[in-house]
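Pasted below: upload.tsv, TSV, C-alpha atoms and all ligand atoms.
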chain	number	residue	atom	x	y	z
A	1	MET	CA	-8.07	-2.28	-4.39
A	2	VAL	CA	-4.98	-2.76	-6.53
A	3	LEU	CA	-4.05	-0.50	-9.44
A	4	SER	CA	-1.26	-1.37	-11.86
A	5	LEU	CA	-0.19	1.86	-13.45
A	6	PRO	CA	2.30	3.05	-16.06
A	7	ARG	CA	5.04	5.24	-14.60
A	8	ASP	CA	3.59	8.38	-16.16
A	9	ALA	CA	2.70	11.65	-14.44
A	10	ALA	CA	-0.88	11.30	-15.73
A	11	SER	CA	-1.30	8.27	-13.44
A	12	VAL	CA	-0.98	10.38	-10.27
A	13	PRO	CA	-4.35	12.17	-10.37
A	14	VAL	CA	-5.96	8.99	-11.70
A	15	SER	CA	-4.86	6.84	-8.75
A	16	ARG	CA	-5.69	9.63	-6.29
A	17	GLN	CA	-9.21	10.06	-7.70
A	18	VAL	CA	-9.92	6.32	-8.05
A	19	LEU	CA	-9.06	5.68	-4.40
A	20	ASP	CA	-10.93	8.81	-3.30
A	21	SER	CA	-14.03	7.64	-5.19
A	22	CYS	CA	-13.83	4.23	-3.47
A	23	LEU	CA	-13.57	5.90	-0.07
A	24	ASP	CA	-16.46	8.22	-0.96
A	25	ILE	CA	-18.67	5.25	-1.89
A	26	LEU	CA	-17.80	3.58	1.42
A	27	GLY	CA	-18.76	6.74	3.33
A	28	VAL	CA	-15.37	7.90	4.66
A	29	MET	CA	-15.39	11.43	6.12
A	30	PRO	CA	-14.22	14.13	3.64
A	31	GLY	CA	-11.27	15.32	5.80
A	32	THR	CA	-9.87	11.80	6.04
A	33	ARG	CA	-10.25	11.33	2.30
A	34	THR	CA	-8.37	14.58	1.72
A	35	ASP	CA	-5.45	13.42	3.88
A	36	ILE	CA	-5.29	10.06	2.08
A	37	ALA	CA	-5.41	11.72	-1.33
A	38	LEU	CA	-2.61	14.14	-0.36
A	39	ALA	CA	-0.38	11.34	0.94
A	40	LEU	CA	-1.06	9.07	-2.03
A	41	GLY	CA	-0.31	11.90	-4.46
A	42	GLU	CA	3.09	12.49	-2.84
A	43	ALA	CA	3.95	8.78	-2.86
A	44	CYS	CA	2.97	8.37	-6.52
A	45	ALA	CA	4.80	11.55	-7.53
A	46	ASN	CA	7.94	10.12	-5.94
A	47	VAL	CA	7.70	7.01	-8.11
A	48	ILE	CA	7.39	9.16	-11.23
A	49	GLN	CA	10.26	11.46	-10.21
A	50	HIS	CA	12.73	9.17	-8.44
A	51	ALA	CA	12.27	5.51	-9.43
A	52	GLY	CA	14.83	4.89	-12.16
A	53	GLN	CA	13.76	1.63	-13.74
A	54	GLY	CA	10.55	-0.23	-14.41
A	55	ASP	CA	7.67	0.85	-16.59
A	56	ASP	CA	4.93	0.12	-14.10
A	57	TYR	CA	4.09	0.51	-10.43
A	58	GLU	CA	1.30	-0.57	-8.13
A	59	VAL	CA	-1.00	1.21	-5.70
A	60	ARG	CA	-2.49	-1.22	-3.16
A	61	ALA	CA	-5.18	-0.07	-0.74
A	62	SER	CA	-7.05	-2.20	1.76
A	63	ALA	CA	-9.35	-1.61	4.71
A	64	SER	CA	-8.93	-3.61	7.88
A	65	GLY	CA	-9.64	-3.02	11.56
A	66	GLY	CA	-10.99	0.45	10.88
A	67	ARG	CA	-7.83	1.54	9.04
A	68	CYS	CA	-6.96	2.17	5.41
A	69	ILE	CA	-3.60	0.59	4.58
A	70	ILE	CA	-1.86	1.90	1.47
A	71	GLU	CA	1.25	0.68	-0.29
A	72	VAL	CA	2.89	2.17	-3.36
A	73	VAL	CA	5.31	-0.29	-4.91
A	74	ASN	CA	7.86	0.37	-7.62
A	75	ALA	CA	10.52	-1.83	-9.19
A	76	GLY	CA	14.30	-1.49	-8.83
A	77	ASN	CA	15.46	2.10	-8.78
A	78	GLY	CA	19.13	2.33	-7.84
A	79	ALA	CA	18.23	4.65	-4.93
A	80	ALA	CA	19.42	4.37	-1.34
A	81	SER	CA	17.79	1.78	0.92
A	82	GLY	CA	14.27	2.50	2.09
A	83	ALA	CA	15.34	3.00	5.71
A	84	GLU	CA	17.81	5.71	4.67
A	85	LEU	CA	15.03	7.56	2.87
A	86	MET	CA	12.79	7.83	5.95
A	87	PRO	CA	12.24	11.48	6.86
A	88	SER	CA	14.09	12.82	9.89
A	89	GLY	CA	12.64	15.36	12.29
A	90	ASP	CA	14.53	18.16	10.53
A	91	MET	CA	12.58	20.38	8.18
A	92	PRO	CA	14.20	21.32	4.87
A	93	PRO	CA	15.41	24.95	4.68
A	94	PRO	CA	12.54	27.36	3.93
A	95	THR	CA	13.94	28.08	0.49
A	96	ALA	CA	14.39	24.39	-0.46
A	97	GLU	CA	12.48	23.38	-3.58
A	98	HIS	CA	12.20	19.70	-2.58
A	99	GLY	CA	12.33	17.30	0.33
A	100	ARG	CA	8.84	17.72	1.77
A	101	GLY	CA	6.87	14.85	0.20
A	102	LEU	CA	7.69	12.16	2.75
A	103	LYS	CA	7.27	14.65	5.59
A	104	ILE	CA	3.81	15.49	4.30
A	105	ILE	CA	2.88	11.79	4.22
A	106	ASP	CA	4.28	11.39	7.74
A	107	ALA	CA	2.24	14.39	8.94
A	108	VAL	CA	-1.16	13.36	7.55
A	109	ALA	CA	-0.90	9.56	7.88
A	110	GLU	CA	0.49	6.98	10.32
A	111	ASN	CA	3.08	4.19	10.30
A	112	LEU	CA	4.99	5.49	7.29
A	113	SER	CA	7.73	3.10	6.21
A	114	LEU	CA	9.94	2.68	3.17
A	115	THR	CA	11.33	-0.75	2.49
A	116	GLY	CA	13.48	-2.35	-0.17
A	117	ASP	CA	16.78	-1.43	-1.69
A	118	GLY	CA	18.13	-0.24	-5.00
A	119	SER	CA	17.78	-3.59	-6.75
A	120	GLU	CA	14.46	-4.74	-5.28
A	121	GLY	CA	12.65	-1.45	-5.62
A	122	THR	CA	10.83	0.56	-3.02
A	123	THR	CA	7.60	0.01	-1.10
A	124	VAL	CA	6.12	3.05	0.60
A	125	HIS	CA	3.60	2.01	3.26
A	126	PHE	CA	1.32	4.24	5.28
A	127	GLU	CA	-1.97	3.91	7.15
A	128	LYS	CA	-4.89	6.13	8.05
A	129	PRO	CA	-7.60	5.48	10.64
A	130	LEU	CA	-10.98	5.65	8.94
A	131	ASP	CA	-13.91	7.63	10.25
A	132	TRP	CA	-17.34	7.39	8.79
A	133	LEU	CA	-20.33	9.42	7.75
A	134	PRO	CA	-23.59	8.35	9.45
A	135	GLY	CA	-24.86	5.09	7.97
A	136	ALA	CA	-21.68	4.48	5.97
A	137	ALA	CA	-21.52	1.14	4.18
A	138	GLY	CA	-17.79	0.97	4.91
A	139	GLU	CA	-18.32	1.07	8.66
A	140	PHE	CA	-20.67	-1.90	8.42
A	141	LEU	CA	-18.34	-3.82	6.11
A	142	PHE	CA	-14.82	-2.98	7.29
A	143	ASP	CA	-14.75	-1.43	10.74
A	144	GLU	CA	-14.12	-4.58	12.83
A	145	ALA	CA	-12.65	-2.35	15.54
A	146	SER	CA	-16.00	-0.80	16.39
A	147	PRO	CA	-19.00	-2.47	14.70
A	148	PRO	CA	-22.01	-0.15	14.62
A	149	ALA	CA	-24.48	-0.66	17.45
A	150	ALA	CA	-27.35	-1.14	15.02
A	151	ARG	CA	-25.70	-4.16	13.37
A	152	PRO	CA	-28.25	-7.02	13.62
A	153	GLU	CA	-25.78	-9.60	14.98
A	154	GLY	CA	-27.25	-13.10	15.02
A	155	ARG	CA	-30.75	-11.90	14.28
A	156	PRO	CA	-32.61	-14.06	11.73
A	157	ALA	CA	-33.11	-12.36	8.36
A	158	GLY	CA	-36.22	-10.26	8.19
A	159	GLN	CA	-36.81	-10.20	11.94
A	160	VAL	CA	-37.94	-6.81	13.16
A	161	SER	CA	-36.15	-5.24	16.13
A	162	GLY	CA	-38.02	-5.97	19.36
A	163	GLN	CA	-39.66	-9.15	18.14
A	164	GLY	CA	-38.64	-12.56	19.39
A	165	GLY	CA	-36.84	-11.31	22.50
A	166	PRO	CA	-37.66	-12.15	26.09
A	167	ALA	CA	-41.22	-11.18	27.08
B	201	LIG	N1	9.55	5.65	-4.56
B	201	LIG	C1	10.80	6.12	-4.44
B	201	LIG	N2	11.80	5.56	-5.15
B	201	LIG	C2	13.06	6.03	-5.04
B	201	LIG	N3	13.44	7.05	-4.27
B	201	LIG	C3	12.48	7.64	-3.54
B	201	LIG	C4	11.12	7.22	-3.58
B	201	LIG	N4	10.40	7.99	-2.73
B	201	LIG	C5	11.26	8.87	-2.19
B	201	LIG	N5	12.51	8.66	-2.68
B	201	LIG	C6	13.74	9.43	-2.29
B	201	LIG	O1	13.43	10.11	-1.10
B	201	LIG	C7	13.74	11.51	-1.25
B	201	LIG	C8	12.76	12.33	-0.43
B	201	LIG	O2	11.47	12.30	-1.01
B	201	LIG	P1	10.48	13.51	-0.74
B	201	LIG	O3	9.19	13.21	-1.44
B	201	LIG	O4	10.44	13.79	0.71
B	201	LIG	O5	11.19	14.75	-1.42
B	201	LIG	P2	11.33	15.10	-2.94
B	201	LIG	O6	10.52	14.17	-3.78
B	201	LIG	O7	12.80	15.14	-3.23
B	201	LIG	O8	10.75	16.57	-3.02
B	201	LIG	P3	9.21	17.05	-2.97
B	201	LIG	O9	8.36	15.84	-2.72
B	201	LIG	O10	9.16	18.04	-1.83
B	201	LIG	O11	8.97	17.67	-4.30
B	201	LIG	C9	13.66	11.76	-2.73
B	201	LIG	O12	14.45	12.85	-3.13
B	201	LIG	C10	14.19	10.46	-3.31
B	201	LIG	O13	15.61	10.47	-3.30
B	202	MG	MG	8.51	13.87	-3.40

Show the structure stored in the file as structure tokens.
Amino acid sequence: MVLSLPRDAASVPVSRQVLDSCLDILGVMPGTRTDIALALGEACANVIQHAGQGDDYEVRASASGGRCIIEVVNAGNGAASGAELMPSGDMPPPTAEHGRGLKIIDAVAENLSLTGDGSEGTTVHFEKPLDWLPGAAGEFLFDEASPPAARPEGRPAGQVSGQGGPA
């Protein structure tokens, strides 16, 4: 799924809810969807608050190997390089008003990275392993890591389980 969005605060709940609806349709567990929505909201809010130039940004989400891979891409921003923005282990002071968004993404998702520099823009990448409700369409379609046992591999269409096997 790719969304091209205007850099407007109203886009943040829209992108969060569109991706959450996709994950709901695919049958992703509610707790996993909550983590993805939280992380995506922080990444999108950062584009609205910190990216200096460019009227649009993109949210890209894909499912592969049992993982959801998400990238939030904004145009040139004049900020420090992506690597310098990566969160350290230090927590901000308890009274600090800001500085928690990337740490939240890092806490609820995996493989967080920021790439790019001031002129190229910033790409925030993170991943989340997907887990599935029973019978989820997404597990059948996207979970190459662990295909469901009931998947009728190689069985001719319409053949009923138990028929056609060795006597
Ligand atoms: N997409 C982005 N483009 C440019 N700079 C960014 C981007 N994302 C993060 N940053 C920079 O990284 C810093 C840390 O981001 P983080 O989300 O952790 O904190 P914050 O946005 O300052 O505060 P909070 O999210 O807690 O309200 C930001 O202050 C900003 O300088
Ligand atoms: Mg932030």

Residues at most 7 Å from Val2 of chain A, counting only C-alpha atoms, excluding those fewer than 5 positions away in the same chain, as a list in words?
Glu58, Val59, Arg60 and Ala61 of chain A

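For ligand MG 202 (chain B), the set of protein, DNA and RNA residues within 7 Å, based on only C-alpha atoms and all ligand atoms, reads Glu42, Ala43, Ala45, Asn46, His98, Gly99, Arg100, Gly101 and Leu102 of chain A.
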
Around the point (5.0, 3.3, -14.9) in the file's coordinates, collect all residues with an atom within 8 Å, using only C-alpha atoms, and return them as an MDAnalysis selection string.
chainID A and resid 5:8 48 54:57

Which residues are close to segment 123-137 of chain A, i.e. within 6 Å by all atoms listed in the file, leaving aside same-chain residues fewer than 3 positions away? Reply as a compact mmCIF listing (two decimals) with C-alpha atoms, keeping the file's coordinate frame.
# COMPACT_ATOMS: atom_id res chain seq x y z
CA LEU A 26 -17.80 3.58 1.42
CA GLY A 27 -18.76 6.74 3.33
CA VAL A 28 -15.37 7.90 4.66
CA MET A 29 -15.39 11.43 6.12
CA GLY A 66 -10.99 0.45 10.88
CA ARG A 67 -7.83 1.54 9.04
CA CYS A 68 -6.96 2.17 5.41
CA ILE A 69 -3.60 0.59 4.58
CA ILE A 70 -1.86 1.90 1.47
CA GLU A 71 1.25 0.68 -0.29
CA VAL A 72 2.89 2.17 -3.36
CA VAL A 73 5.31 -0.29 -4.91
CA ALA A 109 -0.90 9.56 7.88
CA GLU A 110 0.49 6.98 10.32
CA ASN A 111 3.08 4.19 10.30
CA LEU A 112 4.99 5.49 7.29
CA SER A 113 7.73 3.10 6.21
CA LEU A 114 9.94 2.68 3.17
CA THR A 115 11.33 -0.75 2.49
CA PHE A 140 -20.67 -1.90 8.42

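For the pair atom CA of Thr32 of chain A and atom CA of Cys44 of chain A, the separation is 18.3 Å.
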